[in-house]
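Below: the structure, in structure tokens.
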Amino acid sequence: MTDPGAAGPKARRVTRRALLERWWLLPVAGTVGTFGYMGWYASRVTFAKRTPGVPAFQDAAPQRLAALTQLGTDWAEVTFTYAGRPCTLLRLPAPTRGSVEVGGGHLAGFSRVCTHLGCNVNLVRDAEVLAFAFNYRAPGGQDHPQLGCRCHYSVFDPLKAGEAVFGKALAPLPRVRLDVRGQDVWATGIEPAPEYSG
């Protein structure tokens, strides 16, 4: 039989001294959490990029974009607005998914809305500008123009159907469906805009 006057299990009190002895847990936990998040984010923007597949164009009102004479050399560019989105028309030196072959060249159209947070992308022709301003140099010495976003420095490769090859953007740029009618290039559809990957 237990003595009713005996003290029960000793309650553990948290003292100021005990807290001060363990203060180091807070910065350690904060550091581990920060580096864990940074590692997760770095792996996401490096390995979670989506490759452009077969174009999934949605019909839109036909619109004349340019005469073929405006696109006589590789990397000639015409910018335009289509279906409410700023876009670019490029003559490429090689075919890519969604491009149209015309007279030995290849025409491709892309939305200029970055798939990261919606800033506009622009054609960056100089590989040294890409290396210095965007911290990107194409592998294997492929120093051709790229589409770059100056907000957060994502880079999209027109020769890879607008794939995001560097930076925070994960999804490729939506492509524009092109049609050559006589001596003119027309837009007849565009891929839907993806959800931003911010």
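Chain lettering (A, B, ...) mirrors the order of the structure tokens, residue numbering begins at 1 for each chain separately, and ligand numbering begins at 1 in order of display.
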Selection: 12 Å around Arg97 in chain A, only C-alpha atoms, excl. self and same-chain fewer than 4 positions, as an NGL selection string: :A and (51-56 or 92 or 101 or 106-110 or 157-163 or 172 or 174-177)
Long-range neighbours of Ala138 in chain A as a list in words, 9 Å cut-off, only C-alpha atoms, 6 positions minimum in chain: Ala127, Leu130, Ala131, His144 and Val165 of chain A
Secondary structure check, strand (DSSP E or B) residues of range 20-135 of chain A, as a VMD selection string: chain A and resid 58 to 67 77 to 82 85 to 92 100 to 102 105 to 111 113 120 to 124
Select from range 105-147 of chain A every residue with an atom at most 12 Å from any atom of range 78-87 of chain A, then for each give the shortest pair of atoms and their distance in Å to one decimal, using only C-alpha atoms, rows by chain and rising number, as JSON lines.
{"residue": "A:Leu107", "atom": "CA", "partner": "A:Val78", "partner_atom": "CA", "distance": 10.8}
{"residue": "A:Ala108", "atom": "CA", "partner": "A:Cys87", "partner_atom": "CA", "distance": 10.6}
{"residue": "A:Gly109", "atom": "CA", "partner": "A:Cys87", "partner_atom": "CA", "distance": 7.0}
{"residue": "A:Phe110", "atom": "CA", "partner": "A:Cys87", "partner_atom": "CA", "distance": 5.5}
{"residue": "A:Ser111", "atom": "CA", "partner": "A:Cys87", "partner_atom": "CA", "distance": 4.2}
{"residue": "A:Arg112", "atom": "CA", "partner": "A:Cys87", "partner_atom": "CA", "distance": 4.7}
{"residue": "A:Val113", "atom": "CA", "partner": "A:Pro86", "partner_atom": "CA", "distance": 6.8}
{"residue": "A:Cys114", "atom": "CA", "partner": "A:Pro86", "partner_atom": "CA", "distance": 10.4}
{"residue": "A:Gly118", "atom": "CA", "partner": "A:Arg85", "partner_atom": "CA", "distance": 10.5}
{"residue": "A:Cys119", "atom": "CA", "partner": "A:Pro86", "partner_atom": "CA", "distance": 10.4}
{"residue": "A:Asn120", "atom": "CA", "partner": "A:Pro86", "partner_atom": "CA", "distance": 7.7}
{"residue": "A:Val121", "atom": "CA", "partner": "A:Cys87", "partner_atom": "CA", "distance": 9.1}
{"residue": "A:Asn122", "atom": "CA", "partner": "A:Thr79", "partner_atom": "CA", "distance": 9.5}
{"residue": "A:Leu123", "atom": "CA", "partner": "A:Thr79", "partner_atom": "CA", "distance": 10.0}
{"residue": "A:Leu147", "atom": "CA", "partner": "A:Cys87", "partner_atom": "CA", "distance": 11.3}
